[in-house]
Amino acid sequence: MVADGDYPFFTCASEPYRIDRYAFDCEALLVSGNGANVGYVHYYNGKFNAYQRTYVISEFSSDVKFIKLFLDRNLQQRIRVEVNAGNTPYITMGTLTEMQVVLPRNREEQRVIAAALSDVDGLIGGLEQLIAKKRDLKQAAMQQLLTGKKRLAGFRGEWTVKLLGDVAEMGSGGTPPSSVSDYYDGEIPWVSISDMTKGGKVILSTDRNLTKKGFANCAAQMFPVGTVLYAMYASLGECSMTGIPLCSSQAILGIRPKGNLNNEFLYYCLTALKTAVKSMGQQGTQSNLNKRMVQDFQLRLPPLPEQAAIAEVLSDMDVEIAALEQRRDKTRDLKQGMMQTLLTGKTRLV
């Protein structure tokens with residue numbers, strides 16, 4: 001393998017490498033035979049090479065792209081019921097050759113179905129590219145606006161440097177023993193780091209709730225709406241805001257800004273610090289922070305109205321990205337529905 005090789009070299013990885021020699025020159029499907037990406041299907045037309053555990057399927061009597069879609073939809077299910085799991089999942093040639101393929105007899109209908117689904121893939125890919133571009137723009141805006149390198153129109157004056165502990169109050173949570181069933185499944189939302197990583201910017205619900213008894217028998221405290229939640233363990237530096245009153249585990253610090261600090265501005269400041277913070281955690285069984293370390297974070301603060309204006313600009317960008325992500329996810333769901341009907345013959349194209 002060479003970085004600038006003339007030909008793609010397909011292995012069991014999701015992306016091909018490069019190589020200077022080719023062994024095949026055809027239109028083919030290449031199926032990863034083992035490892036984490038077992039069953040991943042590439043389409044390629046031209047000169048290429050392949051690793052010995054990558055299956056090369058060629059010389060199709062049916063539309064190759066239709067067959068790829070069929071494999072994308074059905075191969076993973078077949079792999080799950082195979083007995084070839086072990087420590088390293090793998091498939092055999094028989095896994096592929098013995099699969100029964102349901103397809104229209106008319107090759108033109110196969111082609112049209114594949115083209116329709118390919119168009120949806122193109123739409124999804126375009127949305128992915130647009131989302132990535134918007135995220136890059138937001139990242140650049142954060143680097144400019146949160147440091148004062150770029151000022152919003154109408155704002156002047158000096159920024160001040162403050163320790164976070166001087167401009168905010170903070171406290172961590174607690175976890176009642178999970179072995180006591182009376183402590184859980186109550187009405188008090190109890191946020192964990194997993195809630196933060198999947199819940200996004202604003203937490204409106206939690207996977208687990210505490211009972212009043214559970215809340216009273218641990219160190220948890222209630223955080224009001226607008227509290228900034230900050231992960232000190234595991235997903236170090238993960239940041240969210242409370243959209244409802246809730247409590248948290250001890251892995252999370254609840255930060256309540258005082259009068260000269262906008263809570264949403266603080267959220268974006270801490271989000272911008274995430275990469276740097278990961279390198280400063282205390283090393284143990286896992287990297288972590290503590291309250292004292294977070295209190296010593298230095299923040300560059302403009303006057304409160306400018307903080308609010310900066311937070312509004314970044315929040316608007318978040319809303320735009322979230323809308324695009326929702327559109328992408330709906331399009332993915334649409335594709336799954338189309339595959340379910342078109343690849344089974346339940347719906348026929350005109």
# chains A, B, ... in the order shown; residues from 1 in each chain; ligands from 1

call {"tool": "residues_around", "arguments": {"residues": "Leu117 of chain A", "least_positions_apart": "5", "cutoff": "10 Å", "atoms": "only C-alpha atoms", "output": "ChimeraX atom specification"}}
result
/A:65-66,69,112,122-123,334-336,338-339,342

call {"tool": "write_last_selection", "arguments": {"atoms": "N, CA and C atoms", "output": "PDB file, in the first residue's frame"}}
result
ATOM      1  N   LYS A  65     -26.144  -2.242  -9.404  1.00  0.00           N
ATOM      2  CA  LYS A  65     -26.486  -1.295  -8.336  1.00  0.00           C
ATOM      3  C   LYS A  65     -27.751  -1.733  -7.600  1.00  0.00           C
ATOM      4  N   PHE A  66     -28.648  -2.406  -8.297  1.00  0.00           N
ATOM      5  CA  PHE A  66     -29.805  -2.995  -7.615  1.00  0.00           C
ATOM      6  C   PHE A  66     -29.337  -4.074  -6.641  1.00  0.00           C
ATOM      7  N   LEU A  69     -27.935  -2.543  -3.515  1.00  0.00           N
ATOM      8  CA  LEU A  69     -29.002  -2.099  -2.616  1.00  0.00           C
ATOM      9  C   LEU A  69     -29.624  -3.277  -1.881  1.00  0.00           C
ATOM     10  N   VAL A 112     -34.116   1.376 -12.826  1.00  0.00           N
ATOM     11  CA  VAL A 112     -34.907   2.541 -12.428  1.00  0.00           C
ATOM     12  C   VAL A 112     -35.046   2.605 -10.904  1.00  0.00           C
ATOM     13  N   GLY A 122     -28.097  10.812  -3.063  1.00  0.00           N
ATOM     14  CA  GLY A 122     -27.479  12.073  -3.441  1.00  0.00           C
ATOM     15  C   GLY A 122     -27.997  13.222  -2.612  1.00  0.00           C
ATOM     16  N   LEU A 123     -29.291  13.225  -2.324  1.00  0.00           N
ATOM     17  CA  LEU A 123     -29.878  14.265  -1.481  1.00  0.00           C
ATOM     18  C   LEU A 123     -29.315  14.194  -0.066  1.00  0.00           C
ATOM     19  N   LEU A 334     -37.047   8.204   4.823  1.00  0.00           N
ATOM     20  CA  LEU A 334     -37.728   8.037   3.546  1.00  0.00           C
ATOM     21  C   LEU A 334     -37.041   6.972   2.704  1.00  0.00           C
ATOM     22  N   LYS A 335     -35.711   6.990   2.682  1.00  0.00           N
ATOM     23  CA  LYS A 335     -34.980   5.990   1.908  1.00  0.00           C
ATOM     24  C   LYS A 335     -35.253   4.582   2.448  1.00  0.00           C
ATOM     25  N   GLN A 336     -35.244   4.442   3.773  1.00  0.00           N
ATOM     26  CA  GLN A 336     -35.518   3.123   4.348  1.00  0.00           C
ATOM     27  C   GLN A 336     -36.904   2.623   3.959  1.00  0.00           C
ATOM     28  N   MET A 338     -38.562   3.516   1.243  1.00  0.00           N
ATOM     29  CA  MET A 338     -38.524   3.195  -0.179  1.00  0.00           C
ATOM     30  C   MET A 338     -37.865   1.837  -0.420  1.00  0.00           C
ATOM     31  N   MET A 339     -36.774   1.567   0.311  1.00  0.00           N
ATOM     32  CA  MET A 339     -36.108   0.267   0.162  1.00  0.00           C
ATOM     33  C   MET A 339     -37.040  -0.868   0.577  1.00  0.00           C
ATOM     34  N   LEU A 342     -39.764  -0.880  -2.446  1.00  0.00           N
ATOM     35  CA  LEU A 342     -39.285  -1.069  -3.814  1.00  0.00           C
ATOM     36  C   LEU A 342     -38.466  -2.344  -3.979  1.00  0.00           C
TER      37      LEU A 342
END

call {"tool": "residues_around", "arguments": {"residues": "Asn49 of chain A", "least_positions_apart": "2", "cutoff": "12 Å", "atoms": "only C-alpha atoms", "output": "VMD selection string"}}
result
chain A and resid 1 5 to 11 16 to 26 28 30 44 to 47 51 to 56

call {"tool": "closest_atom_pairs", "arguments": {"of": "segment 286-333 of chain A", "to": "segment 132-140 of chain A", "cutoff": "12 Å", "atoms": "only C-alpha atoms", "output": "tab-separated table"}}
result
residue	atom	partner	partner_atom	distance
A:Ile310	CA	A:Lys138	CA	11.7
A:Ala311	CA	A:Lys138	CA	11.7
A:Val313	CA	A:Lys138	CA	9.4
A:Leu314	CA	A:Lys138	CA	6.9
A:Ser315	CA	A:Lys138	CA	9.6
A:Asp316	CA	A:Lys138	CA	9.9
A:Met317	CA	A:Lys138	CA	6.5
A:Asp318	CA	A:Lys138	CA	8.0
A:Val319	CA	A:Lys134	CA	10.9
A:Glu320	CA	A:Lys134	CA	8.3
A:Ile321	CA	A:Lys134	CA	6.6
A:Ala322	CA	A:Lys134	CA	10.3
A:Ala323	CA	A:Lys134	CA	11.4
A:Leu324	CA	A:Lys134	CA	9.5
A:Glu325	CA	A:Ala132	CA	10.3

call {"tool": "write_last_selection", "arguments": {"atoms": "C-alpha atoms", "output": "mmCIF file, in the first residue's frame"}}
result
data_model
loop_
_atom_site.group_PDB
_atom_site.id
_atom_site.type_symbol
_atom_site.label_atom_id
_atom_site.label_comp_id
_atom_site.auth_asym_id
_atom_site.auth_seq_id
_atom_site.Cartn_x
_atom_site.Cartn_y
_atom_site.Cartn_z
ATOM 1 C CA ILE A 310 -22.993 36.724 20.665
ATOM 2 C CA ALA A 311 -24.986 33.887 22.222
ATOM 3 C CA VAL A 313 -25.843 34.626 16.822
ATOM 4 C CA LEU A 314 -24.409 31.216 17.742
ATOM 5 C CA SER A 315 -27.795 29.931 18.862
ATOM 6 C CA ASP A 316 -29.322 30.894 15.503
ATOM 7 C CA MET A 317 -26.570 28.897 13.795
ATOM 8 C CA ASP A 318 -27.383 25.916 16.019
ATOM 9 C CA VAL A 319 -31.061 26.145 15.062
ATOM 10 C CA GLU A 320 -30.146 26.162 11.364
ATOM 11 C CA ILE A 321 -27.875 23.115 11.781
ATOM 12 C CA ALA A 322 -30.530 21.262 13.791
ATOM 13 C CA ALA A 323 -33.122 21.918 11.053
ATOM 14 C CA LEU A 324 -30.764 20.510 8.418
ATOM 15 C CA GLU A 325 -30.023 17.463 10.583
#

call {"tool": "residues_around", "arguments": {"residues": "Ala220 of chain A", "least_positions_apart": "3", "cutoff": "10 Å", "atoms": "only C-alpha atoms", "output": "PyMOL selection string"}}
result
chain A and resi 171-176+190+210+214-217+223+246-250

call {"tool": "select_by_dssp", "arguments": {"residues": "segment 164-238 of chain A", "states": "strand (DSSP E or B)", "output": "ChimeraX atom specification"}}
result
/A:168-172,184-191,202-203,208-210,223,228-231

call {"tool": "write_last_selection", "arguments": {"atoms": "C-alpha atoms", "output": "CSV table (one decimal), in the first residue's frame"}}
result
chain,number,residue,atom,x,y,z
A,168,ALA,CA,-20.7,31.6,38.8
A,169,GLU,CA,-21.9,29.3,41.5
A,170,MET,CA,-21.5,25.6,41.0
A,171,GLY,CA,-22.1,22.2,42.6
A,172,SER,CA,-22.1,18.6,41.6
A,184,TYR,CA,-35.9,5.3,41.2
A,185,ASP,CA,-38.8,5.7,38.7
A,186,GLY,CA,-40.1,8.8,40.5
A,187,GLU,CA,-40.9,12.3,39.3
A,188,ILE,CA,-37.6,14.1,39.7
A,189,PRO,CA,-35.5,14.2,36.5
A,190,TRP,CA,-32.0,12.9,37.1
A,191,VAL,CA,-29.6,13.7,34.3
A,202,VAL,CA,-31.0,21.7,26.0
A,203,ILE,CA,-32.0,18.8,28.3
A,208,ARG,CA,-34.1,8.0,34.7
A,209,ASN,CA,-36.0,9.8,37.4
A,210,LEU,CA,-35.6,9.8,41.2
A,223,PHE,CA,-30.7,22.8,39.3
A,228,VAL,CA,-25.2,25.0,32.5
A,229,LEU,CA,-24.4,21.3,32.9
A,230,TYR,CA,-20.7,20.3,32.6
A,231,ALA,CA,-19.4,16.8,32.4

call {"tool": "residues_around", "arguments": {"residues": "Arg78 of chain A", "least_positions_apart": "2", "cutoff": "12 Å", "atoms": "only C-alpha atoms", "output": "compact mmCIF listing (two decimals) with N, CA and C atoms, in the first residue's frame"}}
result
# COMPACT_ATOMS: atom_id res chain seq x y z
N VAL A 38 -17.58 -6.03 8.84
CA VAL A 38 -17.98 -7.22 8.10
C VAL A 38 -19.33 -6.97 7.40
N GLY A 39 -19.39 -7.33 6.11
CA GLY A 39 -20.62 -7.14 5.37
C GLY A 39 -20.76 -5.79 4.70
N PHE A 70 -29.81 -4.38 -2.58
CA PHE A 70 -30.36 -5.58 -1.95
C PHE A 70 -29.43 -6.05 -0.82
N LEU A 71 -28.12 -6.08 -1.10
CA LEU A 71 -27.16 -6.50 -0.08
C LEU A 71 -27.12 -5.51 1.08
N ASP A 72 -27.15 -4.23 0.77
CA ASP A 72 -27.15 -3.22 1.83
C ASP A 72 -28.31 -3.45 2.79
N ARG A 73 -29.43 -3.85 2.25
CA ARG A 73 -30.64 -4.03 3.08
C ARG A 73 -30.67 -5.36 3.79
N ASN A 74 -30.13 -6.42 3.19
CA ASN A 74 -30.36 -7.78 3.70
C ASN A 74 -29.14 -8.50 4.26
N LEU A 75 -27.93 -8.10 3.87
CA LEU A 75 -26.76 -8.88 4.25
C LEU A 75 -26.51 -8.85 5.75
N GLN A 76 -26.66 -7.69 6.38
CA GLN A 76 -26.39 -7.61 7.82
C GLN A 76 -27.31 -8.52 8.62
N ARG A 80 -26.17 -11.60 11.09
CA ARG A 80 -26.57 -11.73 12.50
C ARG A 80 -27.04 -13.14 12.85
N VAL A 81 -27.60 -13.86 11.87
CA VAL A 81 -28.09 -15.20 12.18
C VAL A 81 -27.07 -16.28 11.85
N GLU A 82 -25.94 -15.88 11.25
CA GLU A 82 -24.88 -16.86 10.99
C GLU A 82 -24.22 -17.26 12.31
N VAL A 83 -23.57 -18.40 12.32
CA VAL A 83 -22.90 -18.88 13.53
C VAL A 83 -21.44 -18.46 13.56
N ASN A 84 -21.01 -17.61 12.62
CA ASN A 84 -19.60 -17.28 12.49
C ASN A 84 -19.22 -16.02 13.26
N ALA A 85 -19.76 -15.86 14.44
CA ALA A 85 -19.47 -14.65 15.22
C ALA A 85 -18.10 -14.76 15.86
N TYR A 90 -17.05 -12.88 10.93
CA TYR A 90 -16.63 -13.06 9.55
C TYR A 90 -17.75 -13.74 8.76
N ILE A 91 -17.66 -13.66 7.44
CA ILE A 91 -18.59 -14.36 6.57
C ILE A 91 -17.79 -15.22 5.61
N THR A 92 -18.44 -16.22 5.06
CA THR A 92 -17.81 -17.09 4.07
C THR A 92 -18.39 -16.78 2.68
N GLY A 94 -20.00 -18.76 0.97
CA GLY A 94 -21.34 -19.33 0.95
C GLY A 94 -22.39 -18.37 1.49
N THR A 95 -21.99 -17.50 2.42
CA THR A 95 -22.92 -16.49 2.93
C THR A 95 -23.49 -15.67 1.78
N LEU A 96 -22.64 -15.40 0.78
CA LEU A 96 -23.06 -14.58 -0.36
C LEU A 96 -23.71 -15.41 -1.45
N GLU A 98 -25.19 -18.24 -1.42
CA GLU A 98 -26.43 -18.94 -1.09
C GLU A 98 -27.59 -18.00 -0.77
N MET A 99 -27.33 -16.68 -0.84
CA MET A 99 -28.41 -15.73 -0.59
C MET A 99 -29.39 -15.75 -1.76
N GLN A 100 -30.67 -15.78 -1.43
CA GLN A 100 -31.70 -15.68 -2.46
C GLN A 100 -32.05 -14.21 -2.67

call {"tool": "atom_distance", "arguments": {"atom1": "atom CA of Gly337 of chain A", "atom2": "atom CA of Thr197 of chain A"}}
result
27.9 Å

call {"tool": "closest_residue", "arguments": {"among": "A:Ala309, A:Leu253, A:Ala276, A:Val180", "to": "Gly154 of chain A", "atoms": "only C-alpha atoms"}}
result
A:Ala309

call {"tool": "closest_residue", "arguments": {"among": "A:Pro89, A:Gly157, A:Gly125, A:Pro104", "to": "Pro303 of chain A", "atoms": "only C-alpha atoms"}}
result
A:Gly157

call {"tool": "closest_residue", "arguments": {"among": "A:Val161, A:Leu29, A:Ala115, A:Asp195", "to": "Asp207 of chain A", "atoms": "only C-alpha atoms"}}
result
A:Asp195

call {"tool": "residues_around", "arguments": {"residues": "Leu289 of chain A", "least_positions_apart": "6", "cutoff": "12 Å", "atoms": "only C-alpha atoms", "output": "count of residues only"}}
result
24

call {"tool": "closest_residue", "arguments": {"among": "A:Asp329, A:Asp182, A:Glu158, A:Asp166", "to": "Asn260 of chain A", "atoms": "only C-alpha atoms"}}
result
A:Asp166

call {"tool": "closest_residue", "arguments": {"among": "A:Ile131, A:Ala141, A:Leu261, A:Ala3", "to": "Thr227 of chain A", "atoms": "only C-alpha atoms"}}
result
A:Leu261

call {"tool": "residues_around", "arguments": {"residues": "Ala272 of chain A", "least_positions_apart": "2", "cutoff": "10 Å", "atoms": "only C-alpha atoms", "output": "list in words"}}
result
Gln139, Met142, Gln143, Leu146, Gly237, Cys239, Leu266, Tyr267, Tyr268, Cys269, Leu270, Lys274, Thr275, Ala276 and Val277 of chain A

call {"tool": "write_last_selection", "arguments": {"atoms": "C-alpha atoms", "output": "compact mmCIF listing (two decimals), in the first residue's frame"}}
result
# COMPACT_ATOMS: atom_id res chain seq x y z
CA GLN A 139 -16.70 26.83 14.64
CA MET A 142 -17.01 30.84 17.85
CA GLN A 143 -13.24 31.34 17.46
CA LEU A 146 -15.79 34.36 21.82
CA GLY A 237 -16.10 18.76 28.76
CA CYS A 239 -21.85 20.69 27.92
CA LEU A 266 -21.02 30.52 29.11
CA TYR A 267 -22.38 27.42 27.36
CA TYR A 268 -20.62 28.40 24.14
CA CYS A 269 -17.39 29.34 25.97
CA LEU A 270 -17.26 25.92 27.62
CA LYS A 274 -13.82 21.07 24.99
CA THR A 275 -10.74 19.99 23.03
CA ALA A 276 -8.31 21.80 25.34
CA VAL A 277 -10.04 20.51 28.47
